[in-house]
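Trainee: Input: one structure, supplied below.
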Amino acid sequence: MASMQGTAGLEIHGISTTGTVHWNLTAAVLYEHALRKGEGTIAAEGPLVCRTGQHTGRSPNDKFFVKEPSSEAHIQWGKVNRPLSPEHFAALRADVVAHLADKELFVQNLHAGADPEYRLPVRMISEFAWHSLFVRNLFIVPTVGELAAHTPEFTVICAPSFKADPAKHGTRSDCAIVLNMAAKEVLIAGTSYAGENKKSIFTVLNYVLPLKGVLPMHCSANIGEAGDTALFFGLSGTGKTTLSSDPDRGLIGDDEHGWSDRGVFNFEGGCYAKTIRLSAEAEPQIYGTTRRFGTVLENVEFDPITRELDLDSSKYTENTRAAYTIEFIDNHVPGGQGGHPANVVMLTADAFGVLPPIARLSAEGAMYHFLSGYTAKVAGTEKGVTEPSATFSTCFGAPFLPMNPSVYSKMLGEKLAKHGSKVWLVNTGWTGGPYGVGSRMKIAYTRAMIRAALSGALDAVQYERHPIFNIDVPTSCPDVPAAVLNPRGTWADGAAYDAQAKKLAQMFVDNFKTFAGDVDAAVVAAGPRV
């Protein structure tokens, strides 16, 4: 690690500053700088608590791709992937660089991807010390030898204090996250939400890896004592982090993975867990990370006198977060790799309260629900979302998919068929009624159902085909009351359940019309019956 004045090695990026440039600082040193600069506060037992200001979640409407010849044909342009002209990018970049000309900067040379064959060397240039600690926690820190040979293939320049000008830069607002695949750069401006650093590189990997035959996935992964790998797909708030952090299984990673011909590998070196209403009883490992030196806590409230955390508070946002190195999880898998998955779990938080808590999917059903990506947007995960609402997010990660969804779905279908993975649909959302009437599924029941699925305990039980959703629901499961498995029976009014279920089923059917021309008829037929 080093601190240098002036250009200090950043001249290859066209960046020059009269401020100090700090390279590859460790957590302890970054703490000192963050405190010196007033960027955060040390809470009781050691975590660094920081505020992100106006932006307490991702700003998906402010993400752009530069429309340039090398990538234009590969990107599916539209609401998710908005185009920005090369001229606007050049103007934005020049102004960002000028803005940084007198700033103190923090640089981390890191890796994205635990498998050396598919690893992406990245350089993260940050205006804030706490952002530098965040990316050091979330990405893979090279060894001393690897660091000496590190040559970045992608660079992120993060300037939260710079405000974009829509008239001059072609942006929607003063916030901008711009990916330039030709220049191999990401510019982040106008937002202090550190998650933009993480998700911008995830988006890059969703572009570069399919071209190498690797399926990038928005999922967590763990591995059992027998060496059986399991994947957990799902959007933020559906339980990927919580359910993959099982003390009886080794954690490969909690959010982003690749599936190659060699098996599954983590993209990251850390975890980014939601902390709102986190409890030591329900999620002891994740809860423990909020009491450790090195963890970065975003927008978590604490007592100004005692510095004790209040994880139940949503004073700043529902989207409170902890960013910590995966080594803080006792049973993490060193090396971040596993074999081909024996089980694939697709998680959903059903705000309508009508999907069964667990169901077995056929191969065609797996493709249907992967493309559908149904869940509920949880309050605070994205800017402007204050209440849960039903949504369909293709491949459980639509905001991060540069390419046509069929690229990812076909790759998943081929890998499921080749390796014989069993697929399960698990509802961690509401039961006994919709959001506001019913209750959230008990995490103890969800854990028991997943445990049974992964262990093979559900292989021999009886199943019933759900008459509306066309999926196979087990009639019994160890450690789960049979009544919980039948969603209709948890409602006070069966007719009201039927009406609500048909309403959601029709939403599935309407949404899937987008994909009907890209998949076999058998996949379409595996969807709900309306």
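Ordering of the structure tokens sets the chain letters (A, B, ...); residue numbers start at 1 within each chain; ligands are numbered from 1 in the order shown.
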Report as number ranges by chain: the residues of region 67-218 of chain A with a DSSP assignment of helix (DSSP H, G or I), based on the backbone of this structure.
Mentor: A: 69-72, 86-102, 116-118, 129-138, 144-148, 166-169, 195-208, 210-212
Trainee: From the DSSP assignment of the backbone, select every residue of region 343-525 of chain A that is strand (DSSP E or B), and format the answer as an MDAnalysis selection string.
Mentor: chainID A and resid 343:348 358:361 374:377 382 389:392 422:427 430:431 439:440 463:465 472:474 477 480
Trainee: Using the selection just defined, write its residues with C-alpha atoms as a compact mmCIF listing (two decimals), in the first residue's frame.
Mentor:
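Result saved to out-v3.txt:
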# COMPACT_ATOMS: atom_id res chain seq x y z
CA ASN A 343 -30.12 -28.06 -6.58
CA VAL A 344 -31.28 -24.69 -7.82
CA VAL A 345 -33.67 -22.65 -5.67
CA MET A 346 -35.63 -19.76 -7.17
CA LEU A 347 -36.72 -17.40 -4.42
CA THR A 348 -39.66 -15.05 -4.62
CA ILE A 358 -42.15 -24.49 -1.86
CA ALA A 359 -42.80 -26.26 -5.13
CA ARG A 360 -40.85 -28.57 -7.43
CA LEU A 361 -40.36 -27.34 -10.98
CA TYR A 374 -41.40 -12.80 -10.22
CA THR A 375 -40.98 -11.20 -6.82
CA ALA A 376 -41.99 -8.07 -4.93
CA LYS A 377 -39.85 -4.95 -4.87
CA GLU A 382 -34.57 1.16 -5.21
CA SER A 389 -45.20 -4.02 -5.32
CA ALA A 390 -45.44 -7.02 -7.61
CA THR A 391 -42.85 -7.06 -10.37
CA PHE A 392 -41.25 -9.37 -12.90
CA LYS A 422 -33.26 -30.20 -9.41
CA VAL A 423 -35.10 -26.88 -9.34
CA TRP A 424 -37.37 -25.50 -6.60
CA LEU A 425 -39.59 -22.43 -6.38
CA VAL A 426 -39.62 -21.05 -2.82
CA ASN A 427 -41.89 -18.25 -1.63
CA TRP A 430 -46.62 -13.58 2.42
CA THR A 431 -49.04 -16.30 3.53
CA SER A 439 -47.95 -12.42 7.46
CA ARG A 440 -44.43 -12.99 6.16
CA TYR A 463 -46.99 -33.96 -4.54
CA GLU A 464 -50.12 -32.26 -5.76
CA ARG A 465 -50.32 -30.16 -8.91
CA ASP A 472 -45.92 -29.52 -7.96
CA VAL A 473 -46.49 -28.82 -4.27
CA PRO A 474 -45.34 -31.32 -1.60
CA CYS A 477 -42.18 -31.70 4.72
CA VAL A 480 -43.14 -27.86 8.66
Trainee: Counting only C-alpha atoms, which of A:Gly40, A:Gly294, A:Gly113, A:Gly145 gets nearest to Leu133 (chain A)?
Mentor: A:Gly294
Trainee: So that I can check the surroundings of Tyr287 (chain A), please list as a PDB file with all heavy atoms, in the first residue's frame every protein, DNA and RNA residue that reaches within 10 Å of it, counting only C-alpha atoms and ignoring chain neighbours fewer than 6 positions away.
Mentor:
ATOM      1  N   ALA A 273     -25.262  -7.402   2.845  1.00  0.00           N
ATOM      2  CA  ALA A 273     -26.504  -7.912   3.419  1.00  0.00           C
ATOM      3  C   ALA A 273     -27.414  -6.798   3.908  1.00  0.00           C
ATOM      4  O   ALA A 273     -26.947  -5.790   4.459  1.00  0.00           O
ATOM      5  CB  ALA A 273     -26.181  -8.847   4.594  1.00  0.00           C
ATOM      6  N   THR A 275     -29.782  -5.186   6.575  1.00  0.00           N
ATOM      7  CA  THR A 275     -29.717  -5.293   8.032  1.00  0.00           C
ATOM      8  C   THR A 275     -31.003  -4.879   8.727  1.00  0.00           C
ATOM      9  O   THR A 275     -31.099  -5.000   9.948  1.00  0.00           O
ATOM     10  CB  THR A 275     -28.565  -4.432   8.592  1.00  0.00           C
ATOM     11  OG1 THR A 275     -28.795  -3.065   8.257  1.00  0.00           O
ATOM     12  CG2 THR A 275     -27.227  -4.880   8.032  1.00  0.00           C
ATOM     13  N   ARG A 277     -34.084  -4.826  10.682  1.00  0.00           N
ATOM     14  CA  ARG A 277     -34.712  -5.793  11.588  1.00  0.00           C
ATOM     15  C   ARG A 277     -33.959  -7.126  11.660  1.00  0.00           C
ATOM     16  O   ARG A 277     -34.544  -8.182  11.898  1.00  0.00           O
ATOM     17  CB  ARG A 277     -36.186  -6.007  11.205  1.00  0.00           C
ATOM     18  CG  ARG A 277     -37.035  -4.769  11.473  1.00  0.00           C
ATOM     19  CD  ARG A 277     -38.464  -4.934  11.017  1.00  0.00           C
ATOM     20  NE  ARG A 277     -38.584  -4.874   9.558  1.00  0.00           N
ATOM     21  CZ  ARG A 277     -38.623  -3.739   8.851  1.00  0.00           C
ATOM     22  NH1 ARG A 277     -38.567  -2.578   9.466  1.00  0.00           N
ATOM     23  NH2 ARG A 277     -38.742  -3.759   7.533  1.00  0.00           N
ATOM     24  N   LEU A 278     -32.670  -7.062  11.466  1.00  0.00           N
ATOM     25  CA  LEU A 278     -31.816  -8.240  11.609  1.00  0.00           C
ATOM     26  C   LEU A 278     -31.795  -8.670  13.079  1.00  0.00           C
ATOM     27  O   LEU A 278     -31.744  -7.833  13.980  1.00  0.00           O
ATOM     28  CB  LEU A 278     -30.402  -7.886  11.154  1.00  0.00           C
ATOM     29  CG  LEU A 278     -29.412  -8.996  10.827  1.00  0.00           C
ATOM     30  CD1 LEU A 278     -29.881  -9.803   9.638  1.00  0.00           C
ATOM     31  CD2 LEU A 278     -28.043  -8.365  10.524  1.00  0.00           C
ATOM     32  N   SER A 279     -31.839  -9.975  13.319  1.00  0.00           N
ATOM     33  CA  SER A 279     -31.821 -10.445  14.703  1.00  0.00           C
ATOM     34  C   SER A 279     -30.752 -11.512  14.900  1.00  0.00           C
ATOM     35  O   SER A 279     -30.440 -12.276  13.987  1.00  0.00           O
ATOM     36  CB  SER A 279     -33.192 -11.021  15.087  1.00  0.00           C
ATOM     37  OG  SER A 279     -33.405 -12.280  14.497  1.00  0.00           O
ATOM     38  N   ALA A 280     -30.238 -11.549  16.116  1.00  0.00           N
ATOM     39  CA  ALA A 280     -29.216 -12.539  16.451  1.00  0.00           C
ATOM     40  C   ALA A 280     -29.795 -13.945  16.461  1.00  0.00           C
ATOM     41  O   ALA A 280     -29.081 -14.923  16.214  1.00  0.00           O
ATOM     42  CB  ALA A 280     -28.610 -12.217  17.817  1.00  0.00           C
ATOM     43  N   GLU A 281     -31.099 -14.058  16.719  1.00  0.00           N
ATOM     44  CA  GLU A 281     -31.738 -15.373  16.801  1.00  0.00           C
ATOM     45  C   GLU A 281     -31.962 -15.957  15.405  1.00  0.00           C
ATOM     46  O   GLU A 281     -31.663 -17.130  15.150  1.00  0.00           O
ATOM     47  CB  GLU A 281     -33.072 -15.267  17.542  1.00  0.00           C
ATOM     48  CG  GLU A 281     -32.964 -14.887  19.014  1.00  0.00           C
ATOM     49  CD  GLU A 281     -32.593 -13.430  19.226  1.00  0.00           C
ATOM     50  OE1 GLU A 281     -32.955 -12.584  18.369  1.00  0.00           O
ATOM     51  OE2 GLU A 281     -31.919 -13.132  20.239  1.00  0.00           O
ATOM     52  N   LEU A 311     -30.871  -1.681  14.701  1.00  0.00           N
ATOM     53  CA  LEU A 311     -31.114  -2.333  13.418  1.00  0.00           C
ATOM     54  C   LEU A 311     -32.587  -2.361  13.047  1.00  0.00           C
ATOM     55  O   LEU A 311     -32.933  -2.663  11.898  1.00  0.00           O
ATOM     56  CB  LEU A 311     -30.538  -3.758  13.424  1.00  0.00           C
ATOM     57  CG  LEU A 311     -29.030  -3.873  13.613  1.00  0.00           C
ATOM     58  CD1 LEU A 311     -28.608  -5.338  13.584  1.00  0.00           C
ATOM     59  CD2 LEU A 311     -28.271  -3.086  12.551  1.00  0.00           C
ATOM     60  N   ALA A 322     -25.075  -3.922   5.324  1.00  0.00           N
ATOM     61  CA  ALA A 322     -23.758  -4.223   5.883  1.00  0.00           C
ATOM     62  C   ALA A 322     -22.884  -4.785   4.770  1.00  0.00           C
ATOM     63  O   ALA A 322     -23.287  -5.711   4.067  1.00  0.00           O
ATOM     64  CB  ALA A 322     -23.869  -5.243   7.017  1.00  0.00           C
TER      65      ALA A 322
END
Trainee: Write out as a compact mmCIF listing (two decimals) with all heavy atoms, in the first residue's frame each polymer residue whose atoms come within 8 Å of Phe469 (chain A), counting only C-alpha atoms; drop sequence neighbours fewer than 2 positions from it.
Mentor:
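Heads up, here's the output in part_27.txt:
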# COMPACT_ATOMS: atom_id res chain seq x y z
N LEU A 355 -48.67 -17.82 -3.78
CA LEU A 355 -47.77 -18.90 -4.20
C LEU A 355 -47.47 -19.82 -3.03
O LEU A 355 -47.36 -19.36 -1.89
CB LEU A 355 -46.47 -18.31 -4.75
CG LEU A 355 -46.51 -17.74 -6.17
CD1 LEU A 355 -45.15 -17.15 -6.52
CD2 LEU A 355 -46.90 -18.81 -7.18
N HIS A 466 -50.64 -27.80 -8.41
CA HIS A 466 -51.45 -26.63 -8.10
C HIS A 466 -52.34 -26.33 -9.29
O HIS A 466 -51.85 -26.20 -10.43
CB HIS A 466 -50.56 -25.42 -7.79
CG HIS A 466 -51.28 -24.29 -7.14
ND1 HIS A 466 -52.14 -23.47 -7.83
CD2 HIS A 466 -51.30 -23.84 -5.85
CE1 HIS A 466 -52.63 -22.56 -7.02
NE2 HIS A 466 -52.15 -22.77 -5.80
N PRO A 467 -53.66 -26.22 -9.10
CA PRO A 467 -54.57 -26.10 -10.23
C PRO A 467 -54.42 -24.80 -11.02
O PRO A 467 -54.80 -24.74 -12.19
CB PRO A 467 -55.95 -26.17 -9.57
CG PRO A 467 -55.73 -25.74 -8.16
CD PRO A 467 -54.37 -26.24 -7.81
N ILE A 471 -47.70 -26.07 -10.81
CA ILE A 471 -46.44 -26.50 -10.22
C ILE A 471 -46.73 -27.57 -9.17
O ILE A 471 -47.84 -27.66 -8.65
CB ILE A 471 -45.69 -25.31 -9.58
CG1 ILE A 471 -46.60 -24.52 -8.63
CG2 ILE A 471 -45.12 -24.40 -10.65
CD1 ILE A 471 -45.96 -23.29 -8.00
N ALA A 505 -51.80 -15.15 -11.63
CA ALA A 505 -51.55 -16.04 -12.75
C ALA A 505 -51.68 -15.30 -14.08
O ALA A 505 -50.87 -15.50 -15.00
CB ALA A 505 -52.50 -17.23 -12.70
N GLY A 527 -46.34 -22.72 -17.68
CA GLY A 527 -46.77 -21.59 -16.87
C GLY A 527 -48.13 -21.79 -16.26
O GLY A 527 -48.77 -22.85 -16.42
N PRO A 528 -48.64 -20.79 -15.53
CA PRO A 528 -49.95 -20.88 -14.88
C PRO A 528 -51.07 -21.09 -15.89
O PRO A 528 -50.95 -20.75 -17.07
CB PRO A 528 -50.08 -19.51 -14.19
CG PRO A 528 -48.68 -19.04 -13.99
CD PRO A 528 -47.94 -19.54 -15.18
N ARG A 529 -52.17 -21.63 -15.37
CA ARG A 529 -53.35 -21.88 -16.20
C ARG A 529 -54.41 -20.84 -15.87
O ARG A 529 -54.82 -20.72 -14.72
CB ARG A 529 -53.89 -23.29 -15.91
CG ARG A 529 -52.91 -24.40 -16.28
CD ARG A 529 -53.32 -25.72 -15.67
NE ARG A 529 -52.44 -26.81 -16.10
CZ ARG A 529 -52.40 -28.01 -15.52
NH1 ARG A 529 -53.16 -28.26 -14.47
NH2 ARG A 529 -51.59 -28.94 -15.97
